[in-house]
$ cat my_file_14.txt   # compact mmCIF, C-alpha atoms
# COMPACT_ATOMS: atom_id res chain seq x y z
CA MET C 15 11.69 2.79 215.01
CA LEU C 16 10.68 -0.29 213.08
CA THR C 17 8.77 -0.78 209.87
CA ILE C 18 5.87 -3.22 209.65
CA SER C 19 8.11 -5.78 207.92
CA GLN C 20 10.74 -5.54 210.65
CA LEU C 21 8.06 -5.84 213.35
CA ALA C 22 6.67 -8.96 211.72
CA THR C 23 10.14 -10.48 211.44
CA TYR C 24 11.09 -9.80 215.07
CA ALA C 25 7.77 -11.17 216.36
CA GLY C 26 7.79 -14.23 214.12
CA VAL C 27 4.55 -13.49 212.27
CA THR C 28 3.61 -12.40 208.78
CA VAL C 29 2.95 -8.85 207.64
CA ARG C 30 -0.54 -9.98 206.77
CA ALA C 31 -1.05 -11.08 210.41
CA VAL C 32 0.14 -7.70 211.67
CA ARG C 33 -2.35 -5.93 209.40
CA HIS C 34 -5.11 -8.23 210.66
CA TYR C 35 -4.24 -7.44 214.28
CA HIS C 36 -4.42 -3.76 213.41
CA LYS C 37 -7.82 -4.28 211.83
CA ILE C 38 -9.34 -6.02 214.87
CA GLY C 39 -7.80 -3.54 217.32
CA LEU C 40 -5.11 -5.65 218.96
CA LEU C 41 -2.40 -3.26 217.70
CA PRO C 42 -2.81 0.54 217.45
CA GLU C 43 -3.64 1.54 213.88
CA ARG C 44 -1.42 4.64 213.70
CA ASP C 45 0.98 6.53 215.90
CA ARG C 46 0.60 10.22 216.72
CA SER C 47 2.25 11.25 213.45
CA GLY C 48 -0.26 9.20 211.47
CA TYR C 49 2.30 6.64 210.34
CA ARG C 50 2.69 2.99 211.18
CA THR C 51 5.98 2.82 213.06
CA TYR C 52 6.84 0.47 215.87
CA ASP C 53 9.14 0.22 218.85
CA ALA C 54 10.27 -2.55 221.20
CA ALA C 55 6.96 -2.39 223.11
CA ALA C 56 5.10 -3.20 219.90
CA VAL C 57 7.36 -6.21 219.35
CA VAL C 58 6.69 -7.48 222.87
CA ARG C 59 2.95 -6.94 222.52
CA LEU C 60 2.88 -8.72 219.16
CA ILE C 61 4.85 -11.66 220.57
CA ARG C 62 2.34 -11.93 223.44
CA ILE C 63 -0.54 -11.84 220.93
CA ARG C 64 1.15 -14.56 218.88
CA ASN C 65 1.74 -16.77 221.91
CA LEU C 66 -1.84 -16.42 223.11
CA ALA C 67 -3.20 -17.19 219.63
CA ASP C 68 -0.86 -20.18 219.25
CA ALA C 69 -2.09 -21.48 222.61
CA GLY C 70 -5.63 -21.58 221.25
CA VAL C 71 -6.97 -18.40 222.83
CA PRO C 72 -9.70 -16.94 220.60
CA LEU C 73 -8.63 -13.60 219.17
CA ALA C 74 -11.82 -12.08 220.56
CA ARG C 75 -10.45 -12.72 224.07
CA VAL C 76 -6.77 -11.86 223.46
CA GLN C 77 -7.32 -8.16 224.22
CA GLU C 78 -8.92 -9.05 227.56
CA LEU C 79 -5.92 -11.16 228.59
CA LEU C 80 -3.35 -8.66 227.35
CA ASP C 81 -4.75 -5.99 229.65
CA ALA C 82 -5.44 -8.28 232.63
CA GLY C 83 -3.57 -8.42 235.90
CA PRO C 84 -2.02 -11.71 237.12
CA GLU C 85 -5.14 -12.97 238.89
CA GLU C 86 -7.50 -11.92 236.10
CA PHE C 87 -5.14 -13.49 233.57
CA ALA C 88 -5.07 -16.82 235.42
CA GLY C 89 -8.86 -16.80 235.78
CA GLY C 90 -9.32 -15.96 232.11
CA VAL C 91 -7.00 -18.77 231.03
CA GLN C 92 -8.87 -21.25 233.22
CA GLU C 93 -12.17 -20.16 231.72
CA ILE C 94 -10.82 -20.54 228.19
CA ASP C 95 -9.44 -23.96 229.11
CA LYS C 96 -12.90 -24.98 230.37
CA ASP C 97 -14.44 -23.85 227.07
CA LEU C 98 -11.79 -25.72 225.10
CA ARG C 99 -12.40 -28.93 227.07
CA ALA C 100 -16.12 -28.63 226.33
CA GLU C 101 -15.33 -28.12 222.65
CA ILE C 102 -13.01 -31.14 222.68
CA ARG C 103 -15.79 -33.29 224.13
CA ARG C 104 -18.15 -32.00 221.44
CA LEU C 105 -15.65 -32.80 218.71
CA GLN C 106 -14.97 -36.24 220.15
CA ASP C 107 -18.71 -36.90 220.18
CA THR C 108 -18.90 -35.72 216.57
CA ARG C 109 -16.07 -38.08 215.63
CA SER C 110 -17.82 -40.96 217.36
CA ARG C 111 -21.02 -40.18 215.46
CA LEU C 112 -19.10 -40.05 212.18
CA ALA C 113 -17.46 -43.38 212.96
CA ARG C 114 -20.88 -44.91 213.60
CA LEU C 115 -22.24 -43.38 210.41
CA ALA C 116 -19.45 -45.08 208.51
CA ALA C 117 -21.15 -48.36 209.37
CA GLY C 118 -24.18 -47.20 207.34
CA GLU C 119 -27.05 -48.32 209.54
CA HIS C 120 -26.27 -45.79 212.28
CA LEU C 121 -27.36 -42.92 210.06
CA ALA C 122 -30.92 -42.98 211.40
CA LEU C 123 -30.97 -45.86 213.89
CA PRO C 124 -30.12 -46.15 217.59
CA GLN C 125 -27.57 -48.74 218.66
CA SER C 126 -30.26 -51.07 220.02
CA VAL C 127 -31.79 -51.48 216.56
CA VAL C 128 -28.40 -51.96 214.90
CA ASP C 129 -27.63 -54.73 217.41
CA TYR C 130 -31.00 -56.35 216.66
CA LEU C 131 -30.32 -56.31 212.91
CA ASP C 132 -26.91 -57.87 213.57
CA ARG C 133 -28.64 -60.62 215.53
CA LEU C 134 -30.89 -61.27 212.53
CA ARG C 135 -27.79 -61.56 210.36
CA GLY C 136 -26.46 -64.09 212.85
CA LEU C 137 -29.61 -66.14 212.20
CA GLY C 138 -28.77 -66.16 208.50
CA VAL C 139 -31.34 -63.59 207.42
CA GLY C 140 -30.47 -62.22 203.97
CA GLU C 141 -29.47 -58.62 203.34
CA ARG C 142 -32.54 -57.94 201.17
CA TYR C 143 -34.83 -58.64 204.12
CA ILE C 144 -32.47 -56.90 206.53
CA GLU C 145 -32.89 -53.76 204.40
CA LEU C 146 -36.67 -54.05 204.65
CA GLU C 147 -36.49 -54.35 208.43
CA ARG C 148 -33.95 -51.54 208.68
CA ASP C 149 -36.14 -49.11 206.74
CA ALA C 150 -39.17 -50.06 208.85
CA TRP C 151 -37.22 -49.50 212.08
CA ILE C 152 -35.96 -46.14 210.84
CA MET C 153 -39.56 -44.99 210.51
CA ILE C 154 -40.60 -46.53 213.83
CA ALA C 155 -37.63 -45.03 215.72
CA ALA C 156 -38.55 -41.60 214.37
CA GLN C 157 -42.14 -42.02 215.59
CA VAL C 158 -41.42 -43.35 219.09
CA PRO C 159 -37.80 -42.39 219.90
CA ASP C 160 -38.35 -42.73 223.66
CA LEU C 161 -39.83 -46.22 223.36
CA ILE C 162 -37.63 -47.77 220.69
CA ASP C 163 -35.17 -49.41 223.12
CA SER C 164 -37.97 -51.13 225.04
CA VAL C 165 -39.61 -52.21 221.78
CA ILE C 166 -36.34 -53.75 220.61
CA ALA C 167 -35.86 -55.46 223.98
CA LYS C 168 -39.22 -57.14 223.39
CA LYS C 169 -38.11 -58.17 219.90
CA HIS C 170 -35.03 -59.82 221.40
CA GLU C 171 -37.29 -61.78 223.76
CA GLU C 172 -39.36 -62.89 220.78
CA LEU C 173 -36.23 -64.20 219.07
CA ASP C 174 -35.97 -66.73 221.90
CA ASP C 175 -39.20 -68.29 220.57
CA PRO C 176 -38.50 -71.24 218.22
CA ASP C 177 -41.42 -70.16 216.04
CA MET C 178 -39.85 -66.74 215.52
CA VAL C 179 -36.48 -68.28 214.69
CA ARG C 180 -38.23 -70.63 212.24
CA LEU C 181 -40.02 -67.66 210.68
CA TYR C 182 -36.79 -65.80 210.04
CA SER C 183 -35.24 -68.94 208.56
CA PHE C 184 -37.46 -68.39 205.52
CA PHE C 185 -35.78 -65.08 204.76
CA THR C 186 -32.26 -66.20 203.93
CA GLY C 187 -32.81 -65.38 200.25
CA GLU C 188 -35.04 -63.13 198.20
CA PRO C 189 -38.49 -62.54 199.81
CA ASP C 190 -40.32 -62.85 196.47
CA TRP C 191 -42.23 -66.10 196.68
CA LEU C 192 -44.92 -66.95 194.13
CA ALA C 193 -48.40 -68.38 194.62
CA GLY C 194 -48.26 -72.10 195.29
CA ASP C 195 -44.95 -71.94 197.18
CA PRO C 196 -45.45 -74.24 200.22
CA ARG C 197 -43.49 -71.81 202.39
CA ILE C 198 -46.33 -69.31 202.17
CA VAL C 199 -48.77 -71.51 204.09
CA GLU C 200 -46.13 -72.43 206.68
CA VAL C 201 -45.25 -68.76 207.23
CA ALA C 202 -48.97 -67.99 207.65
CA ASP C 203 -49.27 -70.81 210.21
CA ILE C 204 -46.30 -69.51 212.19
CA LEU C 205 -47.54 -65.92 212.09
CA GLU C 206 -50.96 -67.02 213.28
CA ARG C 207 -49.47 -68.89 216.23
CA LEU C 208 -47.47 -65.79 217.13
CA MET C 209 -50.53 -63.58 216.76
CA ILE C 210 -52.62 -65.87 218.96
CA ARG C 211 -49.95 -65.75 221.68
CA ALA C 212 -49.82 -61.96 221.43
CA VAL C 213 -53.62 -61.73 221.80
CA GLU C 214 -53.69 -64.14 224.74
CA ALA C 215 -50.86 -62.19 226.43
CA GLY C 216 -52.72 -58.91 225.95
CA GLU C 217 -49.98 -57.50 223.73
CA VAL C 218 -52.22 -56.14 220.98
CA GLY C 219 -54.06 -52.85 220.96
CA ALA C 220 -52.76 -49.29 221.24
CA ASP C 221 -49.31 -48.96 219.67
CA GLY C 222 -48.76 -45.21 219.64
CA PHE C 223 -49.02 -44.94 215.83
CA ASP C 224 -51.70 -43.11 213.90
CA ASP C 225 -53.71 -44.92 211.23
CA GLN C 226 -51.85 -43.23 208.38
CA PHE C 227 -48.49 -44.42 209.67
CA VAL C 228 -49.79 -47.98 210.10
CA ALA C 229 -51.09 -47.89 206.52
CA LEU C 230 -47.68 -46.65 205.33
CA MET C 231 -45.90 -49.49 207.11
CA ASP C 232 -48.31 -52.07 205.67
CA SER C 233 -48.03 -50.76 202.13
CA THR C 234 -44.22 -50.62 202.33
CA MET C 235 -44.01 -54.29 203.31
CA LEU C 236 -46.55 -55.43 200.73
CA GLU C 237 -44.81 -53.51 197.94
CA SER C 238 -41.32 -54.69 198.91
CA ALA C 239 -42.11 -58.38 199.47
CA PRO C 240 -44.71 -59.85 197.07
CA GLY C 241 -44.92 -63.00 199.20
CA ALA C 242 -46.24 -60.92 202.09
CA GLU C 243 -49.47 -60.23 200.19
CA LEU C 244 -50.05 -63.95 199.73
CA VAL C 245 -49.46 -64.62 203.43
CA LEU C 246 -51.78 -61.77 204.37
CA ALA C 247 -54.49 -63.19 202.10
CA ILE C 248 -54.35 -66.51 203.96
CA LEU C 249 -54.59 -64.75 207.32
CA ASN C 250 -57.54 -62.73 206.06
CA GLU C 251 -59.30 -65.94 205.02
CA ARG C 252 -58.83 -67.19 208.57
CA GLY C 253 -60.46 -64.05 209.95
CA TRP C 254 -57.41 -61.96 210.84
CA SER C 255 -57.04 -58.38 209.71
CA GLY C 256 -53.97 -56.19 209.92
CA TRP C 257 -50.24 -56.55 209.46
CA THR C 258 -48.38 -53.88 211.39
CA ARG C 259 -51.36 -53.68 213.75
CA ILE C 260 -53.82 -56.54 214.39
CA GLU C 261 -57.22 -54.98 213.82
CA ARG C 262 -59.55 -57.96 213.82
CA VAL C 263 -59.13 -61.15 215.86
CA PRO C 264 -61.15 -64.26 214.91
CA ALA C 265 -62.37 -65.60 218.25
CA ASP C 266 -62.85 -69.10 216.85
CA ARG C 267 -59.11 -69.32 216.03
CA LEU C 268 -57.78 -68.61 219.51
CA ASN C 269 -58.40 -72.16 220.76
CA THR C 270 -57.53 -73.81 217.47
CA GLU C 271 -54.58 -76.17 217.54
CA LEU C 272 -52.43 -75.06 214.62
CA PRO C 273 -49.86 -77.26 212.90
CA PRO C 274 -46.54 -77.35 214.79
CA SER C 275 -43.48 -75.78 213.27

$ encode --input "my_file_14.txt" --output "structure tokens"
Amino acid sequence: MLTISQLATYAGVTVRAVRHYHKIGLLPERDRSGYRTYDAAAVVRLIRIRNLADAGVPLARVQELLDAGPEEFAGGVQEIDKDLRAEIRRLQDTRSRLARLAAGEHLALPQSVVDYLDRLRGLGVGERYIELERDAWIMIAAQVPDLIDSVIAKKHEELDDPDMVRLYSFFTGEPDWLAGDPRIVEVADILERLMIRAVEAGEVGADGFDDQFVALMDSTMLESAPGAELVLAILNERGWSGWTRIERVPADRLNTELPPS
């Protein structure tokens, strides 16, 4: 008969592993005499346990396979393999998510928004303004997750408009203009042209956001970019109201020929 140390040595495991297998019921706890002694059958069983565990079989299922016939064993192995493949896919997906998170902007943004921000960078937009847009899109994506890709597709279409490209050209540096800066009036002119086109195209109205969220978006922009308040003041003087959402449209401005860009 063998001692526990000899059993462990012959099976290629540690004594601690043998004790653990006893504890979870894979090896009999005691023989009839009440002592832990082992024979060749125990060595074979322990080697089979070790091989199954090394192959990735969960210990909770080792007992089932040890006692199974050939067909049951093959079926059990196939089932475990199916579970392992599903787990591999899950882990691969987790790794892909982690890799995207390493880029920073993927933490709370879908790929479509990240691509849009990269396009803005390609236009020369500065990182300070990119951060403002990113934070706004994080909030928007959380509010309308099912619509965000279509919203971004529309934003890409807008970037084909020379006025929109001109607008973004003002944000290559810090968006902290002071009163009297000539860029403020030009930005207001461009925004008004874009707003008029949106009204004429029927693209204003219900946006899926509640009033509190719209107010949050407006306040975030006004607090982050002092120049935005000056632009908004000019638009208000012209009869427009709203920033994230156009709330009042001055009818007398729709047919007004505004200065070209």

$ atom_distance --input "my_file_14.txt" --atom1 "CA of Glu251 in chain C" --atom2 "CA of Asp195 in chain C"
17.4 Å

$ residues_around --input "my_file_14.txt" --residues "range 35-40 of chain C" --least-positions-apart "6" --cutoff "8 Å" --atoms "all atoms listed in the file" --output "VMD selection string"
chain C and resid 63 76 to 77

$ residues_around --input "my_file_14.txt" --residues "Glu172 in chain C" --least-positions-apart "5" --cutoff "12 Å" --atoms "all atoms listed in the file" --output "PyMOL selection string"
chain C and resi 130+134+165-167+177-182+208-209+211-212

$ closest_residue --input "my_file_14.txt" --among "C:Gly241, C:Gly216, C:Pro84, C:Pro264" --to "Ala202 in chain C" --atoms "all atoms listed in the file"
C:Gly241

$ closest_atom_pairs --input "my_file_14.txt" --of "range 37-155 of chain C" --to "range 19-26 of chain C" --cutoff "9 Å" --atoms "only C-alpha atoms" --output "Markdown table"
| residue | atom | partner | partner_atom | distance |
| --- | --- | --- | --- | --- |
| C:Thr51 | CA | C:Leu21 | CA | 8.9 |
| C:Tyr52 | CA | C:Leu21 | CA | 6.9 |
| C:Asp53 | CA | C:Leu21 | CA | 8.3 |
| C:Ala54 | CA | C:Leu21 | CA | 8.8 |
| C:Ala56 | CA | C:Leu21 | CA | 7.7 |
| C:Val57 | CA | C:Ala25 | CA | 5.8 |
| C:Val58 | CA | C:Ala25 | CA | 7.6 |
| C:Arg59 | CA | C:Ala25 | CA | 8.9 |
| C:Leu60 | CA | C:Ala25 | CA | 6.1 |
| C:Ile61 | CA | C:Ala25 | CA | 5.1 |
| C:Arg62 | CA | C:Ala25 | CA | 9.0 |
| C:Arg64 | CA | C:Ala25 | CA | 7.9 |

$ atom_distance --input "my_file_14.txt" --atom1 "CA of Ala122 in chain C" --atom2 "CA of Ile102 in chain C"
24.3 Å

$ atom_distance --input "my_file_14.txt" --atom1 "CA of Asp224 in chain C" --atom2 "CA of Ser238 in chain C"
21.6 Å

$ residues_near_point --input "my_file_14.txt" --point "(-43.7, -45.0, 213.9)" --cutoff "9 Å" --atoms "all atoms listed in the file" --output "list of chain:residue names"
C:Ala150, C:Trp151, C:Ile152, C:Met153, C:Ile154, C:Ala155, C:Ala156, C:Gln157, C:Val158, C:Pro159, C:Asp221, C:Gly222, C:Phe223, C:Asp224, C:Phe227, C:Val228, C:Met231

$ closest_residue --input "my_file_14.txt" --among "C:Ala82, C:Ile162, C:Arg75, C:Lys168" --to "Glu217 in chain C" --atoms "all atoms listed in the file"
C:Lys168

$ closest_residue --input "my_file_14.txt" --among "C:Leu66, C:Leu230, C:Ala239, C:Val213" --to "Arg262 in chain C" --atoms "all atoms listed in the file"
C:Val213

$ residues_around --input "my_file_14.txt" --residues "Glu206 in chain C" --least-positions-apart "4" --cutoff "12 Å" --atoms "only C-alpha atoms" --output "MDAnalysis selection string"
chainID C and resid 177:178 181 199:202 210:213 245:246 248:257 260 263:264 267:275
